[in-house]
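Q: What follows is the file start_18.cif, containing mmCIF, C-alpha atoms and all ligand atoms:
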data_model
#
loop_
_atom_site.label_atom_id
_atom_site.label_comp_id
_atom_site.auth_asym_id
_atom_site.auth_seq_id
_atom_site.Cartn_x
_atom_site.Cartn_y
_atom_site.Cartn_z
CA MET A 1360 18.65 -27.35 -15.13
CA GLU A 1361 21.23 -26.09 -12.73
CA SER A 1362 19.41 -22.80 -12.22
CA LEU A 1363 16.20 -24.68 -11.49
CA LEU A 1364 18.00 -26.55 -8.73
CA ASP A 1365 19.42 -23.29 -7.44
CA ASP A 1366 15.95 -21.79 -7.32
CA TYR A 1367 14.69 -24.81 -5.43
CA ALA A 1368 17.53 -24.55 -2.93
CA LYS A 1369 16.85 -20.83 -2.45
CA PHE A 1370 13.14 -21.49 -2.00
CA ARG A 1371 13.77 -24.13 0.64
CA LYS A 1372 16.26 -21.97 2.45
CA THR A 1373 13.90 -18.99 2.54
CA THR A 1374 11.03 -21.13 3.77
CA MET A 1375 13.09 -22.73 6.49
CA SER A 1376 14.58 -19.40 7.57
CA SER A 1377 11.09 -18.05 8.04
CA ILE A 1378 10.12 -21.09 10.12
CA ILE A 1379 13.10 -20.58 12.42
CA ASP A 1380 12.48 -16.83 12.57
CA SER A 1381 8.82 -17.22 13.40
CA MET A 1382 9.67 -19.50 16.31
CA SER A 1383 12.42 -17.29 17.62
CA ALA A 1384 10.21 -14.23 17.37
CA ASP A 1385 7.38 -15.75 19.36
CA PRO A 1386 7.83 -14.36 22.85
CA ASP A 1387 5.82 -17.09 24.54
CA ARG A 1388 7.41 -20.13 23.03
CA LEU A 1389 10.84 -21.10 24.17
CA SER A 1390 12.29 -22.92 21.25
CA LEU A 1391 15.51 -24.86 21.33
CA MET A 1392 15.84 -23.96 17.66
CA TYR A 1393 17.05 -20.42 18.34
CA ASP A 1394 20.63 -21.39 17.63
CA TRP A 1395 20.03 -23.57 14.62
CA ASP A 1396 21.84 -22.74 11.42
CA VAL A 1397 19.43 -22.78 8.49
CA ASP A 1398 21.84 -24.56 6.10
CA ILE A 1399 22.31 -27.44 8.52
CA PHE A 1400 18.58 -27.46 9.30
CA VAL A 1401 17.77 -27.85 5.59
CA ASP A 1402 20.44 -30.54 5.13
CA ILE A 1403 19.03 -32.58 8.00
CA ILE A 1404 15.54 -32.28 6.51
CA GLU A 1405 16.94 -33.71 3.28
CA MET A 1406 18.20 -36.70 5.29
CA GLN A 1407 14.73 -37.68 6.52
CA ASN A 1408 13.64 -41.06 5.19
CA VAL A 1409 9.89 -40.94 5.59
CA ASP A 1410 8.62 -37.42 4.96
CA LYS A 1411 10.87 -34.45 4.51
CA PHE A 1412 9.48 -32.53 7.44
CA PRO A 1413 11.01 -29.62 9.33
CA TRP A 1414 11.31 -30.45 13.00
CA PHE A 1415 9.74 -27.93 15.33
CA ASP A 1416 9.66 -28.16 19.07
CA LEU A 1417 6.17 -26.90 19.83
CA HIS A 1418 5.24 -30.06 21.68
CA TRP A 1419 1.91 -28.75 22.83
CA LYS A 1420 0.53 -28.74 19.34
CA MET A 1421 1.27 -32.44 18.87
CA MET A 1422 -0.18 -35.70 20.12
CA LYS A 1423 2.17 -37.73 22.29
CA SER A 1424 2.57 -40.44 19.64
CA GLU A 1425 3.39 -37.79 17.07
CA VAL A 1426 6.04 -36.17 19.27
CA ILE A 1427 7.70 -39.55 19.77
CA LEU A 1428 7.61 -40.47 16.08
CA LEU A 1429 8.84 -37.11 14.77
CA THR A 1430 11.59 -36.88 17.36
CA LYS A 1431 12.91 -40.28 16.38
CA GLU A 1432 12.71 -39.52 12.66
CA TRP A 1433 14.50 -36.24 13.11
CA ASN A 1434 17.30 -37.65 15.25
CA ASP A 1435 17.82 -40.57 12.84
CA GLY A 1436 18.16 -38.02 10.05
CA LEU A 1437 20.62 -36.02 12.12
CA HIS A 1438 22.88 -39.06 12.43
CA ARG A 1439 22.63 -39.77 8.70
CA TYR A 1440 23.62 -36.14 8.11
CA CYS A 1441 26.70 -36.58 10.33
CA ASP A 1442 27.63 -39.77 8.45
CA TYR A 1443 27.13 -38.04 5.11
CA LYS A 1444 29.36 -35.15 6.18
CA ASN A 1445 31.90 -37.58 7.65
CA LEU A 1446 31.71 -35.84 10.99
CA THR A 1447 33.54 -37.61 13.79
CA GLY A 1448 34.75 -37.03 17.33
CA LYS A 1449 34.21 -33.65 18.95
CA GLU A 1450 32.94 -32.03 15.77
CA ARG A 1451 30.19 -34.63 15.49
CA ASP A 1452 29.36 -34.46 19.20
CA LYS A 1453 28.85 -30.71 18.93
CA ILE A 1454 26.45 -30.95 15.96
CA VAL A 1455 24.54 -33.81 17.60
CA GLN A 1456 24.24 -31.85 20.84
CA ILE A 1457 22.86 -28.73 19.17
CA TYR A 1458 20.51 -30.34 16.63
CA THR A 1459 19.09 -33.25 18.59
CA ALA A 1460 15.34 -32.89 18.89
CA SER A 1461 14.03 -33.35 22.41
CA LEU A 1462 11.00 -35.38 23.43
CA LEU A 1463 10.76 -33.27 26.52
CA ALA A 1464 9.48 -29.72 26.53
CA ARG A 1465 10.67 -26.81 28.60
CA CYS A 1466 8.49 -24.81 30.95
CA ALA A 1467 7.17 -21.82 28.98
CA ASN A 1468 7.96 -19.40 31.77
CA PRO A 1469 11.20 -17.78 30.54
CA THR A 1470 12.54 -17.35 34.08
CA CYS A 1471 12.19 -21.10 34.71
CA LYS A 1472 14.61 -23.75 33.54
CA GLU A 1473 12.49 -26.81 34.30
CA VAL A 1474 12.23 -29.53 31.68
CA GLU A 1475 9.69 -32.36 31.65
CA PHE A 1476 10.57 -35.74 33.15
CA HIS A 1477 8.05 -37.57 30.94
CA VAL A 1478 6.65 -36.72 27.52
CA LYS A 1479 3.74 -34.29 27.83
CA SER A 1480 3.82 -34.32 31.62
CA PHE A 1481 3.53 -30.53 32.01
CA GLY A 1482 0.08 -29.00 32.16
CA LYS A 1483 -0.73 -26.76 29.23
CA CYS A 1484 -2.60 -23.49 28.92
CA THR A 1485 -6.07 -24.80 28.19
CA ARG A 1486 -7.03 -21.60 26.38
CA CYS A 1487 -4.45 -21.75 23.55
CA ASN A 1488 -2.94 -25.27 23.96
CA SER A 1489 0.35 -23.79 22.78
CA VAL A 1490 2.39 -23.46 25.95
CA ALA A 1491 2.86 -25.56 29.08
CA TYR A 1492 4.25 -25.12 32.54
CA CYS A 1493 5.96 -27.08 35.28
CA SER A 1494 3.68 -25.55 37.91
CA ARG A 1495 0.70 -23.30 38.56
CA GLY A 1496 3.14 -20.73 39.91
CA CYS A 1497 4.98 -20.52 36.60
CA GLN A 1498 1.72 -20.31 34.68
CA LYS A 1499 0.48 -17.46 36.86
CA GLU A 1500 3.74 -15.55 36.64
CA HIS A 1501 3.97 -15.92 32.88
CA TRP A 1502 0.32 -14.96 32.45
CA ARG A 1503 0.92 -11.75 34.35
CA VAL A 1504 4.18 -10.88 32.59
CA SER A 1505 3.28 -11.62 28.95
CA HIS A 1506 1.09 -14.56 28.13
CA LYS A 1507 -2.09 -12.65 28.89
CA LYS A 1508 -1.53 -10.56 25.82
CA ASN A 1509 -0.06 -13.31 23.63
CA CYS A 1510 -2.41 -16.18 24.47
CA GLY A 1511 -4.23 -17.44 21.41
CA LEU A 1512 -2.30 -15.28 18.94
ZN ZN B 1 8.36 -23.51 35.41
ZN ZN B 2 -2.46 -19.55 26.40
#
Can you turn what I pasted into structure tokens?
A:
Amino acid sequence: MESLLDDYAKFRKTTMSSIIDSMSADPDRLSLMYDWDVDIFVDIIEMQNVDKFPWFDLHWKMMKSEVILLTKEWNDGLHRYCDYKNLTGKERDKIVQIYTASLLARCANPTCKEVEFHVKSFGKCTRCNSVAYCSRGCQKEHWRVSHKKNCGL
């Protein structure tokens, strides 16, 4: 029985590692998940009440209502995780800061630091629907530098 549970844990960890890796490896999608530790990621997933889903921050793939729902679910789970681990004070603040899912997406142009003011307010690339930008300027620059060859991959 114990080895079955071990296998399950290994399976989950491998799956989740590949999710994080695939996001980090994608040159055109700035993910806030770069720094996430897979063990903590998996633990927070286990703390989800509704579905045990892995949060991902590719907002452009989701409907607005879905972004709002999943973000709330994830962040509720994060706080349950902190309670479960008895995290308090600075230690808790640090985990919450890193693992909080954001409703707001970042501009996909890597040289730009703009973040949305409202959910789904940035205009997306209408060809792939996978990235979005704060401005036409950023879209043009990113298209020239890399998105032209990565769009729709
Ligand atoms: Zn921008
Ligand atoms: Zn595109």
Q: Just the number, please: distance in Å from atom CA of Cys1484 of chain A to atom CA of Asp1394 of chain A, one decimal.
A: 25.9 Å
Q: Could you give me the residues within 10 Å of ligand ZN 2 (chain B), counting only C-alpha atoms and all ligand atoms, as a list in words?
A: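 With only C-alpha atoms and all ligand atoms and a cut-off of 10 Å, ligand ZN 2 (chain B) is contacted by Asp1387, Lys1483, Cys1484, Thr1485, Arg1486, Cys1487, Asn1488, Ser1489, Val1490, Ala1491, Gln1498, His1501, Trp1502, His1506, Lys1507, Lys1508, Asn1509, Cys1510, Gly1511 and Leu1512 of chain A.
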Q: Can you build me a table of chain A residues sitting at most 9 Å from ligand ZN 1 (chain B), with the closest atom pair per residue and its distance in Å to one decimal, using all atoms listed in the file, sorted by chain and residue number, as CSV?
A:
residue,atom,partner,partner_atom,distance
A:Arg1465,CA,B:ZN1,ZN,7.9
A:Cys1466,CA,B:ZN1,ZN,4.6
A:Ala1467,CA,B:ZN1,ZN,6.8
A:Asn1468,CA,B:ZN1,ZN,5.5
A:Pro1469,CA,B:ZN1,ZN,8.0
A:Thr1470,CA,B:ZN1,ZN,7.6
A:Cys1471,CA,B:ZN1,ZN,4.6
A:Lys1472,CA,B:ZN1,ZN,6.5
A:Glu1473,CA,B:ZN1,ZN,5.4
A:Val1474,CA,B:ZN1,ZN,8.1
A:Ala1491,CA,B:ZN1,ZN,8.6
A:Tyr1492,CA,B:ZN1,ZN,5.3
A:Cys1493,CA,B:ZN1,ZN,4.3
A:Ser1494,CA,B:ZN1,ZN,5.7
A:Arg1495,CA,B:ZN1,ZN,8.3
A:Gly1496,CA,B:ZN1,ZN,7.4
A:Cys1497,CA,B:ZN1,ZN,4.7
A:Gln1498,CA,B:ZN1,ZN,7.4
Q: Mind writing the picked residues with C-alpha atoms as an mmCIF file, keeping the file's coordinate frame?
A:
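Written output follows (out-v7.cif):
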data_model
loop_
_atom_site.group_PDB
_atom_site.id
_atom_site.type_symbol
_atom_site.label_atom_id
_atom_site.label_comp_id
_atom_site.auth_asym_id
_atom_site.auth_seq_id
_atom_site.Cartn_x
_atom_site.Cartn_y
_atom_site.Cartn_z
ATOM 1 C CA ARG A 1465 10.670 -26.810 28.600
ATOM 2 C CA CYS A 1466 8.490 -24.810 30.950
ATOM 3 C CA ALA A 1467 7.170 -21.820 28.980
ATOM 4 C CA ASN A 1468 7.960 -19.400 31.770
ATOM 5 C CA PRO A 1469 11.200 -17.780 30.540
ATOM 6 C CA THR A 1470 12.540 -17.350 34.080
ATOM 7 C CA CYS A 1471 12.190 -21.100 34.710
ATOM 8 C CA LYS A 1472 14.610 -23.750 33.540
ATOM 9 C CA GLU A 1473 12.490 -26.810 34.300
ATOM 10 C CA VAL A 1474 12.230 -29.530 31.680
ATOM 11 C CA ALA A 1491 2.860 -25.560 29.080
ATOM 12 C CA TYR A 1492 4.250 -25.120 32.540
ATOM 13 C CA CYS A 1493 5.960 -27.080 35.280
ATOM 14 C CA SER A 1494 3.680 -25.550 37.910
ATOM 15 C CA ARG A 1495 0.700 -23.300 38.560
ATOM 16 C CA GLY A 1496 3.140 -20.730 39.910
ATOM 17 C CA CYS A 1497 4.980 -20.520 36.600
ATOM 18 C CA GLN A 1498 1.720 -20.310 34.680
#
Q: Which distance in Å separates atom CA of Glu1405 of chain A and atom CA of Leu1429 of chain A, to one decimal?
A: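 Here the two named atoms are 14.5 Å from each other.
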Q: In Å, how far is it from atom CA of Met1406 of chain A to atom CA of Ser1461 of chain A?
A: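 So the answer is 17.9 Å.
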Q: Could you name the residues that touch segment 1438-1448 of chain A at 8 Å or less, counting all atoms listed in the file, but leaving out those on the same chain fewer than 6 positions away, as a list in words?
A: Asp1402, Ile1403, Met1406, Ile1454 and Val1455 of chain A
Q: With distances taken over only C-alpha atoms, which residue among A:Val1504, A:Phe1476, A:Gly1482, A:Phe1415 lies nearest Phe1400 of chain A?
A: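 Nearest to Phe1400 of chain A: A:Phe1415.
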Q: Compare A:Lys1449, A:Glu1500, A:Trp1419, A:Asp1435 by their minimum atom-to-atom distance to Val1478 of chain A, counting all atoms listed in the file, and give me the closest one.
A: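 Of the candidates, the smallest distance to Val1478 of chain A is held by A:Trp1419.
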Q: Can you tell me which residues surround Trp1395 of chain A at a distance of at most 8 Å, considering all atoms listed in the file, apart from same-chain residues fewer than 4 positions away, and format the answer as a count of residues only?
A: 5
Q: What's around Lys1479 of chain A at 7 Å? Count all atoms listed in the file, leave out sequence neighbours fewer than 2 positions away in its own chain, and write the answer as a PDB file with C-alpha atoms, in the frame of the given file.
A:
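Now in around_24.pdb:
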ATOM      1  CA  LYS A1423       2.170 -37.730  22.290  1.00  0.00           C
ATOM      2  CA  HIS A1477       8.050 -37.570  30.940  1.00  0.00           C
ATOM      3  CA  PHE A1481       3.530 -30.530  32.010  1.00  0.00           C
TER       4      PHE A1481
END
Q: Give me the box for segment 1461-1480 of chain A as AutoDock Vina command-line options, namely the centre and edge lengths in Å to one decimal of a box along x, y and z that holds every listed atom plus 3 Å on each side.
A:
--center_x 9.2 --center_y -27.5 --center_z 28.6 --size_x 16.9 --size_y 26.2 --size_z 18.3
Q: When you look at Trp1414 of chain A with a cut-off of 8 Å (counting all atoms listed in the file), what residues show up, excluding the ones that are within fewer than 6 positions of it in the same chain? I need them as a compact mmCIF listing (two decimals) with C-alpha atoms, in the coordinates of the input.
A:
# COMPACT_ATOMS: atom_id res chain seq x y z
CA ILE A 1404 15.54 -32.28 6.51
CA LEU A 1429 8.84 -37.11 14.77
CA THR A 1430 11.59 -36.88 17.36
CA TRP A 1433 14.50 -36.24 13.11
CA ALA A 1460 15.34 -32.89 18.89
